[in-house]
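Structure below is input39.csv: CSV, C-alpha atoms and all ligand atoms.
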chain,number,residue,atom,x,y,z
A,1,MET,CA,129.4,100.2,104.5
A,2,LYS,CA,129.3,103.9,105.5
A,3,LYS,CA,128.8,104.5,109.2
A,4,VAL,CA,127.2,107.7,110.6
A,5,SER,CA,126.5,108.3,114.3
A,6,PHE,CA,123.7,110.4,115.5
A,7,GLN,CA,123.0,111.3,119.1
A,8,ILE,CA,119.4,111.9,119.8
A,9,GLY,CA,118.7,112.7,123.5
A,10,GLN,CA,120.9,110.5,125.6
A,11,GLN,CA,121.2,107.7,123.0
A,12,THR,CA,123.4,107.3,120.0
A,13,THR,CA,122.2,105.5,116.9
A,14,GLN,CA,124.7,104.1,114.4
A,15,TYR,CA,123.5,104.3,110.8
A,16,PHE,CA,125.1,101.8,108.4
A,17,PHE,CA,124.4,103.1,104.9
A,18,ASP,CA,125.2,101.0,101.8
A,19,ALA,CA,125.5,97.9,104.0
A,20,SER,CA,124.5,94.3,103.4
A,21,PHE,CA,122.3,92.1,105.6
A,22,PRO,CA,125.1,89.6,106.6
A,23,GLN,CA,127.1,92.4,108.1
A,24,LEU,CA,124.5,92.3,110.9
A,25,GLU,CA,126.4,89.3,112.3
A,26,SER,CA,129.5,91.6,112.9
A,27,LEU,CA,127.4,94.2,114.7
A,28,ILE,CA,125.7,92.2,117.4
A,29,GLU,CA,125.9,88.8,119.1
A,30,TYR,CA,123.9,87.1,116.4
A,31,SER,CA,123.2,83.9,118.3
A,32,ASN,CA,121.5,85.9,121.1
A,33,ALA,CA,119.5,88.1,118.7
A,34,VAL,CA,115.9,87.7,117.8
A,35,ILE,CA,114.8,88.9,114.4
A,36,ILE,CA,111.3,90.1,113.9
A,37,THR,CA,110.0,90.3,110.4
A,38,ASP,CA,106.7,89.7,108.5
A,39,GLU,CA,105.5,87.0,106.2
A,40,ASN,CA,106.0,89.0,103.0
A,41,VAL,CA,109.6,90.0,103.8
A,42,PHE,CA,110.4,86.5,105.0
A,43,ALA,CA,109.0,84.8,101.9
A,44,LYS,CA,110.9,87.1,99.5
A,45,HIS,CA,114.2,87.0,101.3
A,46,LYS,CA,114.3,83.6,103.0
A,47,PRO,CA,118.0,82.8,102.5
A,48,LYS,CA,118.9,86.0,104.4
A,49,PHE,CA,117.2,84.7,107.6
A,50,LYS,CA,118.9,81.3,107.6
A,51,GLY,CA,120.5,80.5,110.9
A,52,GLY,CA,118.8,83.3,112.8
A,53,ASN,CA,116.2,83.2,115.6
A,54,VAL,CA,113.2,84.6,113.7
A,55,ILE,CA,109.7,85.6,114.7
A,56,VAL,CA,107.5,86.0,111.6
A,57,LEU,CA,104.5,88.3,112.0
A,58,LYS,CA,101.4,88.5,109.8
A,59,PRO,CA,101.8,91.5,107.6
A,60,GLY,CA,99.7,94.7,107.7
A,61,GLU,CA,98.7,97.7,109.7
A,62,GLU,CA,95.9,95.7,111.4
A,63,TYR,CA,98.5,93.6,113.3
A,64,LYS,CA,100.2,96.7,114.7
A,65,VAL,CA,98.3,96.2,117.9
A,66,GLN,CA,98.9,95.3,121.5
A,67,ALA,CA,97.9,91.7,120.9
A,68,THR,CA,100.8,91.3,118.5
A,69,ALA,CA,103.2,92.8,121.0
A,70,ASP,CA,101.9,90.4,123.7
A,71,ALA,CA,102.4,87.4,121.3
A,72,ILE,CA,106.0,88.5,120.6
A,73,ILE,CA,106.7,88.9,124.3
A,74,GLY,CA,105.3,85.3,124.8
A,75,GLN,CA,107.6,84.0,122.1
A,76,LEU,CA,110.6,85.9,123.6
A,77,ILE,CA,110.0,84.2,127.0
A,78,GLU,CA,109.8,80.8,125.3
A,79,MET,CA,113.0,81.5,123.4
A,80,GLY,CA,114.7,82.4,126.7
A,81,ALA,CA,115.4,86.0,125.7
A,82,ASP,CA,117.2,87.9,128.4
A,83,ARG,CA,118.5,91.4,129.1
A,84,LYS,CA,121.4,90.8,126.7
A,85,THR,CA,119.2,89.7,123.8
A,86,TRP,CA,119.0,92.0,120.8
A,87,LEU,CA,115.8,92.6,118.9
A,88,VAL,CA,116.2,93.4,115.2
A,89,GLY,CA,113.2,94.5,113.2
A,90,VAL,CA,113.6,93.6,109.6
A,91,GLY,CA,110.7,95.0,107.6
A,92,GLY,CA,108.5,98.0,106.9
A,93,GLY,CA,107.2,100.6,109.4
A,94,VAL,CA,104.8,98.1,111.0
A,95,VAL,CA,107.6,95.7,111.9
A,96,THR,CA,110.0,98.5,113.0
A,97,ASP,CA,107.3,100.2,115.1
A,98,ILE,CA,106.3,97.0,116.8
A,99,THR,CA,109.9,95.8,117.3
A,100,GLY,CA,110.9,99.1,118.9
A,101,TYR,CA,107.9,99.1,121.1
A,102,VAL,CA,108.5,95.5,122.4
A,103,ALA,CA,112.2,96.3,122.9
A,104,SER,CA,111.2,99.2,125.1
A,105,LEU,CA,108.9,97.0,127.2
A,106,TYR,CA,110.6,93.7,127.5
A,107,MET,CA,112.6,93.5,130.7
A,108,ARG,CA,112.1,97.3,130.9
A,109,GLY,CA,114.1,97.8,127.8
A,110,ILE,CA,116.6,95.7,125.7
A,111,ASN,CA,118.9,96.7,122.8
A,112,TYR,CA,117.4,96.9,119.4
A,113,GLY,CA,118.1,97.8,115.8
A,114,PHE,CA,116.4,98.0,112.5
A,115,VAL,CA,116.9,96.8,108.9
A,116,PRO,CA,114.2,98.8,107.2
A,117,THR,CA,112.9,97.1,104.0
A,118,THR,CA,110.5,99.6,102.6
A,119,VAL,CA,111.3,103.1,101.2
A,120,LEU,CA,109.0,104.5,103.9
A,121,ALA,CA,110.8,102.7,106.7
A,122,MET,CA,114.2,103.6,105.3
A,123,VAL,CA,113.5,107.4,105.2
A,124,ASP,CA,111.0,107.7,108.0
A,125,ALA,CA,109.6,105.0,110.3
A,126,ALA,CA,112.9,103.5,111.4
A,127,ILE,CA,114.2,106.9,112.5
A,128,GLY,CA,113.6,109.0,115.5
A,129,GLY,CA,112.8,106.3,118.1
A,130,LYS,CA,109.0,106.8,118.3
A,131,ASN,CA,107.5,103.4,118.3
A,132,GLY,CA,104.0,102.3,119.1
A,133,VAL,CA,100.8,100.4,118.3
A,134,ASN,CA,97.4,101.4,117.2
A,135,VAL,CA,94.4,101.2,119.6
A,136,GLY,CA,91.1,100.7,117.7
A,137,LEU,CA,91.0,103.5,115.2
A,138,TYR,CA,93.6,105.6,117.0
A,139,LYS,CA,97.0,105.5,115.3
A,140,ASN,CA,100.1,105.1,117.5
A,141,LEU,CA,98.1,106.0,120.6
A,142,VAL,CA,100.3,103.8,122.8
A,143,GLY,CA,104.0,103.7,122.5
A,144,ALA,CA,107.4,104.8,123.7
A,145,ILE,CA,110.2,107.1,122.6
A,146,ARG,CA,113.5,105.2,122.7
A,147,GLN,CA,116.2,105.3,120.0
A,148,PRO,CA,117.4,102.2,118.1
A,149,ASP,CA,121.1,101.3,118.6
A,150,PHE,CA,121.6,100.9,114.9
A,151,ILE,CA,119.9,101.1,111.5
A,152,LEU,CA,121.4,99.0,108.8
A,153,TYR,CA,120.5,99.9,105.2
A,154,ASP,CA,120.6,97.0,102.7
A,155,TYR,CA,119.0,98.4,99.5
A,156,SER,CA,118.7,94.9,97.9
A,157,PHE,CA,115.5,94.5,100.0
A,158,LEU,CA,113.8,97.1,97.8
A,159,ARG,CA,114.0,94.9,94.7
A,160,SER,CA,111.0,92.9,95.9
A,161,LEU,CA,109.0,96.0,97.1
A,162,PRO,CA,105.6,96.3,95.3
A,163,LYS,CA,105.0,99.3,93.1
A,164,HIS,CA,102.4,101.0,95.4
A,165,GLU,CA,104.8,100.7,98.3
A,166,TRP,CA,107.4,102.7,96.4
A,167,SER,CA,104.8,105.5,96.0
A,168,SER,CA,103.9,105.3,99.6
A,169,GLY,CA,107.5,105.9,100.6
A,170,PHE,CA,107.9,108.7,98.2
A,171,ALA,CA,105.0,110.5,99.9
A,172,GLU,CA,107.2,110.9,103.0
A,173,ILE,CA,110.2,112.0,100.8
A,174,ILE,CA,107.9,114.6,99.2
A,175,LYS,CA,106.8,115.6,102.7
A,176,HIS,CA,110.5,116.2,103.7
A,177,ALA,CA,111.1,118.2,100.6
A,178,CYS,CA,108.0,120.4,101.2
A,179,ILE,CA,108.8,121.2,104.8
A,180,ASN,CA,112.6,121.4,104.7
A,181,ASP,CA,114.4,120.9,101.4
A,182,ALA,CA,113.5,123.0,98.3
A,183,ALA,CA,116.5,121.7,96.4
A,184,MET,CA,115.3,118.1,96.9
A,185,PHE,CA,111.8,119.2,95.8
A,186,ARG,CA,113.3,120.4,92.5
A,187,ALA,CA,115.3,117.2,92.0
A,188,LEU,CA,112.1,115.1,92.6
A,189,GLU,CA,110.3,117.2,90.0
A,190,LYS,CA,113.0,116.3,87.4
A,191,ASN,CA,113.0,112.5,88.2
A,192,THR,CA,110.6,109.6,88.6
A,193,ILE,CA,110.2,106.4,90.6
A,194,ALA,CA,111.3,104.5,87.5
A,195,TYR,CA,114.6,106.6,87.5
A,196,TYR,CA,115.3,105.9,91.2
A,197,LYS,CA,114.5,102.2,90.7
A,198,LYS,CA,117.0,101.8,87.9
A,199,THR,CA,119.6,104.0,89.4
A,200,PRO,CA,120.6,102.5,92.7
A,201,VAL,CA,123.3,105.1,93.4
A,202,ALA,CA,120.7,107.9,93.1
A,203,MET,CA,118.2,106.0,95.3
A,204,ALA,CA,120.9,105.3,97.9
A,205,ALA,CA,121.8,109.1,98.0
A,206,LEU,CA,118.1,110.0,98.2
A,207,VAL,CA,117.5,107.6,101.1
A,208,LYS,CA,120.5,108.9,103.0
A,209,ARG,CA,119.6,112.5,102.5
A,210,ASN,CA,116.1,111.8,103.8
A,211,ALA,CA,117.3,109.7,106.7
A,212,LEU,CA,119.7,112.4,107.8
A,213,LEU,CA,117.1,115.1,107.3
A,214,LYS,CA,114.6,113.3,109.6
A,215,SER,CA,117.4,112.5,112.1
A,216,GLU,CA,118.5,116.1,112.3
A,217,ILE,CA,114.9,117.2,113.0
A,218,ALA,CA,114.5,114.4,115.6
A,219,ARG,CA,117.8,115.3,117.2
A,220,SER,CA,116.8,119.0,117.6
A,221,ASP,CA,113.5,118.0,119.3
A,222,GLU,CA,113.3,114.4,120.5
A,223,HIS,CA,110.1,114.9,122.4
A,224,GLU,CA,108.2,116.9,119.8
A,225,GLN,CA,108.1,120.2,121.6
A,226,GLY,CA,108.8,122.3,118.5
A,227,ASN,CA,110.6,121.6,115.2
A,228,ARG,CA,109.6,117.9,115.1
A,229,LYS,CA,105.9,118.8,114.8
A,230,MET,CA,106.7,119.8,111.3
A,231,LEU,CA,107.1,116.1,110.4
A,232,ASN,CA,103.3,115.8,110.8
A,233,PHE,CA,102.7,117.7,107.6
A,234,GLY,CA,99.8,115.9,106.0
A,235,HIS,CA,99.5,113.5,108.9
A,236,THR,CA,96.7,115.1,110.9
A,237,LEU,CA,94.1,114.5,108.3
A,238,GLY,CA,96.2,111.6,106.8
A,239,HIS,CA,96.1,109.4,109.9
A,240,ALA,CA,92.4,109.8,110.3
A,241,LEU,CA,91.8,108.9,106.6
A,242,GLU,CA,94.2,106.0,106.8
A,243,ASN,CA,92.3,104.4,109.6
A,244,ILE,CA,88.8,104.9,108.3
A,245,TYR,CA,89.4,104.1,104.6
A,246,GLU,CA,91.4,101.5,102.7
A,247,LEU,CA,94.4,103.7,101.9
A,248,THR,CA,98.2,103.1,102.4
A,249,HIS,CA,100.0,105.4,104.8
A,250,GLY,CA,101.5,107.3,101.8
A,251,GLN,CA,98.2,107.7,99.9
A,252,ALA,CA,96.5,109.0,103.1
A,253,ILE,CA,99.2,111.6,103.8
A,254,SER,CA,99.3,112.6,100.2
A,255,ILE,CA,95.7,113.6,100.5
A,256,GLY,CA,96.5,115.2,103.8
A,257,MET,CA,99.3,117.2,102.3
A,258,VAL,CA,97.1,118.6,99.6
A,259,ALA,CA,94.5,119.7,102.2
A,260,ALA,CA,97.3,121.3,104.3
A,261,CYS,CA,98.5,123.2,101.2
A,262,MET,CA,95.0,124.5,100.5
A,263,VAL,CA,94.6,125.6,104.1
A,264,SER,CA,98.0,127.2,103.9
A,265,GLN,CA,96.8,129.3,101.0
A,266,ASN,CA,94.2,130.9,103.3
A,267,ILE,CA,96.5,131.3,106.3
A,268,THR,CA,100.1,131.8,105.2
A,269,GLY,CA,99.5,132.9,101.6
A,270,PHE,CA,101.2,129.7,100.3
A,271,LYS,CA,101.2,129.9,96.5
A,272,ASP,CA,102.5,126.5,95.2
A,273,THR,CA,99.6,124.0,95.8
A,274,SER,CA,99.5,123.1,92.2
A,275,ARG,CA,103.2,122.3,92.1
A,276,VAL,CA,102.9,120.1,95.2
A,277,MET,CA,99.9,118.3,93.5
A,278,SER,CA,101.7,117.8,90.3
A,279,LEU,CA,104.7,116.2,92.1
A,280,LEU,CA,102.4,113.9,94.1
A,281,LYS,CA,100.7,112.8,90.9
A,282,LYS,CA,104.0,112.2,89.3
A,283,TYR,CA,104.8,109.7,92.0
A,284,ASP,CA,101.4,108.0,91.6
A,285,LEU,CA,99.9,109.4,94.7
A,286,PRO,CA,96.3,110.5,95.1
A,287,VAL,CA,95.6,114.2,95.6
A,288,SER,CA,91.9,114.0,96.5
A,289,ALA,CA,89.3,111.6,97.8
A,290,GLY,CA,85.7,111.7,98.8
A,291,TYR,CA,85.5,111.4,102.5
A,292,GLU,CA,83.0,112.3,105.2
A,293,THR,CA,84.5,115.3,107.0
A,294,LYS,CA,82.4,114.7,110.1
A,295,LYS,CA,83.6,111.2,110.6
A,296,VAL,CA,87.2,112.2,109.9
A,297,PHE,CA,87.1,115.1,112.3
A,298,ASN,CA,85.6,113.0,115.1
A,299,LEU,CA,88.7,110.8,114.8
A,300,MET,CA,91.1,113.8,114.4
A,301,LYS,CA,89.8,115.1,117.8
A,302,MET,CA,91.8,112.2,119.3
A,303,ASP,CA,95.0,113.3,117.5
A,304,LYS,CA,98.0,113.5,119.9
A,305,LYS,CA,98.9,116.9,118.5
A,306,LYS,CA,95.6,118.3,119.8
A,307,ASP,CA,95.4,120.6,122.8
A,308,ARG,CA,91.8,120.9,123.8
A,309,ASP,CA,89.9,122.7,121.0
A,310,VAL,CA,93.1,123.7,119.2
A,311,ILE,CA,95.3,121.6,116.9
A,312,ASN,CA,98.9,122.2,116.0
A,313,TYR,CA,98.6,122.1,112.3
A,314,VAL,CA,101.5,122.0,109.9
A,315,MET,CA,101.3,124.3,106.9
A,316,LEU,CA,103.8,125.6,104.3
A,317,ASP,CA,105.1,129.2,104.0
A,318,ARG,CA,106.7,128.2,100.8
A,319,ILE,CA,108.2,125.0,99.3
A,320,GLY,CA,111.0,123.9,101.6
A,321,LYS,CA,109.6,125.9,104.6
A,322,GLY,CA,107.0,124.4,106.8
A,323,THR,CA,105.4,126.2,109.8
A,324,VAL,CA,103.3,124.9,112.7
A,325,GLN,CA,100.4,127.0,113.8
A,326,PRO,CA,97.7,126.5,116.3
A,327,ILE,CA,94.3,126.4,114.7
A,328,LEU,CA,90.8,125.9,116.1
A,329,ILE,CA,89.6,122.4,115.2
A,330,LYS,CA,86.2,123.9,114.3
A,331,GLN,CA,87.8,126.4,111.9
A,332,LEU,CA,89.9,123.7,110.3
A,333,GLU,CA,86.9,121.5,109.9
A,334,GLU,CA,85.0,124.4,108.1
A,335,MET,CA,88.0,125.0,105.8
A,336,ILE,CA,88.4,121.4,104.9
A,337,ASN,CA,84.6,121.0,104.5
A,338,ASP,CA,84.8,123.8,101.9
A,339,LEU,CA,87.5,121.9,100.0
A,340,GLN,CA,85.3,118.9,99.6
B,1,LIG,N1,107.8,105.5,114.0
B,1,LIG,C1,107.7,106.4,113.1
B,1,LIG,O1,108.3,107.5,113.3
B,1,LIG,C2,106.9,106.2,111.9
B,1,LIG,C3,107.0,107.1,110.8
B,1,LIG,C4,106.2,106.9,109.7
B,1,LIG,C5,105.4,105.8,109.6
B,1,LIG,N2,105.4,104.9,110.6
B,1,LIG,C6,104.5,103.7,110.6
B,1,LIG,O2,105.0,102.9,109.5
B,1,LIG,C7,103.9,102.1,109.0
B,1,LIG,C8,103.9,102.1,107.5
B,1,LIG,O3,105.1,101.6,107.1
B,1,LIG,P1,105.3,100.8,105.8
B,1,LIG,O4,104.6,101.5,104.6
B,1,LIG,O5,106.7,100.4,105.6
B,1,LIG,O6,104.3,99.6,106.1
B,1,LIG,P2,104.4,98.0,106.2
B,1,LIG,O7,105.4,97.6,107.2
B,1,LIG,O8,103.0,97.5,106.4
B,1,LIG,O9,105.0,97.5,104.8
B,1,LIG,C9,104.2,97.7,103.7
B,1,LIG,C10,104.0,96.3,102.9
B,1,LIG,O10,105.2,96.0,102.3
B,1,LIG,C11,105.6,94.7,102.6
B,1,LIG,N3,107.0,94.7,102.5
B,1,LIG,C12,107.9,95.3,103.4
B,1,LIG,N4,109.1,95.2,102.9
B,1,LIG,C13,109.1,94.5,101.7
B,1,LIG,C14,110.0,94.1,100.8
B,1,LIG,N5,111.3,94.4,100.8
B,1,LIG,N6,109.6,93.4,99.7
B,1,LIG,C15,108.2,93.0,99.6
B,1,LIG,N7,107.3,93.4,100.4
B,1,LIG,C16,107.7,94.1,101.5
B,1,LIG,C17,105.0,94.5,104.0
B,1,LIG,O11,104.8,93.1,104.3
B,1,LIG,C18,103.6,95.2,103.9
B,1,LIG,O12,102.7,94.3,103.2
B,1,LIG,C19,102.6,102.7,109.7
B,1,LIG,O13,102.2,101.8,110.7
B,1,LIG,C20,103.1,104.0,110.2
B,1,LIG,O14,102.4,104.4,111.4
B,1,LIG,C21,106.1,105.1,111.8

What do you get writing this file as structure tokens?
Amino acid sequence: MKKVSFQIGQQTTQYFFDASFPQLESLIEYSNAVIITDENVFAKHKPKFKGGNVIVLKPGEEYKVQATADAIIGQLIEMGADRKTWLVGVGGGVVTDITGYVASLYMRGINYGFVPTTVLAMVDAAIGGKNGVNVGLYKNLVGAIRQPDFILYDYSFLRSLPKHEWSSGFAEIIKHACINDAAMFRALEKNTIAYYKKTPVAMAALVKRNALLKSEIARSDEHEQGNRKMLNFGHTLGHALENIYELTHGQAISIGMVAACMVSQNITGFKDTSRVMSLLKKYDLPVSAGYETKKVFNLMKMDKKKDRDVINYVMLDRIGKGTVQPILIKQLEEMINDLQ
């Protein structure tokens, strides 16, 4: 197990790469820990949970809501959870978001850690301490910023991950490459999901590289005043699409990234939209979708990155170099309308 410590704000998160789930018992007082997972992860990995105090949630984005947080809090009270209790989220981004959120609320904050089980959670959702719930159509509108005490990586969870969830995770990996890592972009162009699936060493290295890339950005700007905004590449449009249409997070941001590349062509002179599109297609991600611009923009107007009539929109100068620029929502709407 390789340990890396990262200080973000006042808190330090320990990352245990190449670890195995049972090592959790040596990290925390296991008998006073409550594991939160979902039905899919629990069903596929039942033996791993034996002997633990486990809360099993219904899977899916529709359960990332306050009612689920309230239900977990009710169960924690019944279980006698106190200030010394650890919460451990074992699952994808929905589980990690809701676990981190509840851990920030319960008794005004208790210790918590994650064992991410999707590619997306390993490279993105588990990192950076932003955890929240959706309110109606508004993604992550309510939440907290508080860093996990640890993140434990056990790649054996990925063996049961459905194919489309691999693609969804690679959307965030491609995002990282686009905004910050041209060399990784080139490596991704050479490889495929099939290659990463059958080459665990390469997958472990890719996960670690992405986890550290996101951590470094979060460390430099915990509260999203500058650099961290870059992580929203593809997400402004993506979040709105994800909530209106039946798309995975990765599919939605893939479409959002293509739109952002096209807008970049007009504003920064970005020249590599077709390369980004080819890479997304290679990883089984959609590059276009018919959607109602008006409906999507009405929702985008509630985006947290919005400042009155202006939105901080992430574009690319070139592959590996993102840039955040304020843009009038009306102007963006016109440009995206023209793409449709
Ligand atoms: N907090 C952040 O910074 C951040 C960043 C990115 C995304 N997110 C959030 O993450 C969520 C998306 O994450 P996700 O794609 O991991 O979603 P998810 O948690 O819904 O997981 C996707 C699906 O895979 C299943 N699953 C998870 N692990 C599995 C495994 N090992 N084997 C079999 N099935 C498994 C789940 O039950 C679910 O059906 C969104 O809510 C998004 O807002 C948060």

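Comparing A:Ile217, A:Ala260, A:Ala177, A:Ala202 by their smallest distance to ligand LIG 1 (chain B), the closest is A:Ile217 (using only C-alpha atoms and all ligand atoms).
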
- Message: Calculated over only C-alpha atoms, which of the candidates A:Phe150, A:Trp166, A:Phe185, A:Phe17 has the smallest distance to Leu279 of chain A?
- Response: A:Phe185

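In this model, the gap between atom CA of Asp18 of chain A and atom CA of Tyr155 of chain A comes to 7.1 Å.
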
- Task: Select the residues contacting ligand LIG 1 (chain B) at a distance of at most 8 Å, based on all atoms listed in the file, then format the selection as a PyMOL selection string.
- Result: chain A and resi 38-41+44-45+58-61+64+91-97+116-121+124-133+139-140+156-162+165+168-169+172+248-250

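Picture a line from atom CA of Leu231 of chain A to atom CA of Leu57 of chain A; it runs 28.0 Å.
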
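Among the candidates A:Thr99, A:Leu328, A:Leu316, A:Asp181, the residue lying nearest to Thr68 of chain A is A:Thr99 (atoms considered: all atoms listed in the file).
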
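In this comparison, which uses all atoms listed in the file, the residue of A:Arg209, A:Ile179, A:Val90, A:Ser104 approaching Val123 of chain A most closely is A:Arg209.
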
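We find atom CA of Gln7 of chain A and atom CA of Leu206 of chain A to be spaced 21.5 Å apart.
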
- Query: For Tyr138 of chain A, which residue out of A:Asn191, A:Gln14, A:Ser288, A:Thr236 is the nearest one, using only C-alpha atoms?
  - Reply: A:Thr236

- Got a sec: who's within 9 Å of Tyr15 of chain A, counting only C-alpha atoms, leaving out chain neighbours fewer than 4 positions off, as an MDAnalysis selection string? chainID A and resid 2:6 149:153

- For Gln23 of chain A, please output as an MDAnalysis selection string all residues within 10 Å (counting all atoms listed in the file; exclusion window: fewer than 5 positions along the same chain). chainID A and resid 1 16 28 152 154

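Minimum atom-to-atom distances from A:Leu137, A:Leu280, A:Leu247, A:Met262 to Asn298 of chain A were compared using only C-alpha atoms, and the lowest value belongs to A:Leu137.
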
- Query: Hey, what's within 7 Å of segment 240-246 of chain A if we count only C-alpha atoms and toss same-chain stuff fewer than 5 positions away? As a PyMOL selection string, please?
  - Reply: chain A and resi 137+252+296+299-300

Limited to C-alpha atoms, could you put the picked residues into a file as a PDB file, in the coordinates of the input?
ATOM      1  CA  LEU A 137      91.000 103.500 115.200  1.00  0.00           C
ATOM      2  CA  ALA A 252      96.500 109.000 103.100  1.00  0.00           C
ATOM      3  CA  VAL A 296      87.200 112.200 109.900  1.00  0.00           C
ATOM      4  CA  LEU A 299      88.700 110.800 114.800  1.00  0.00           C
ATOM      5  CA  MET A 300      91.100 113.800 114.400  1.00  0.00           C
TER       6      MET A 300
END
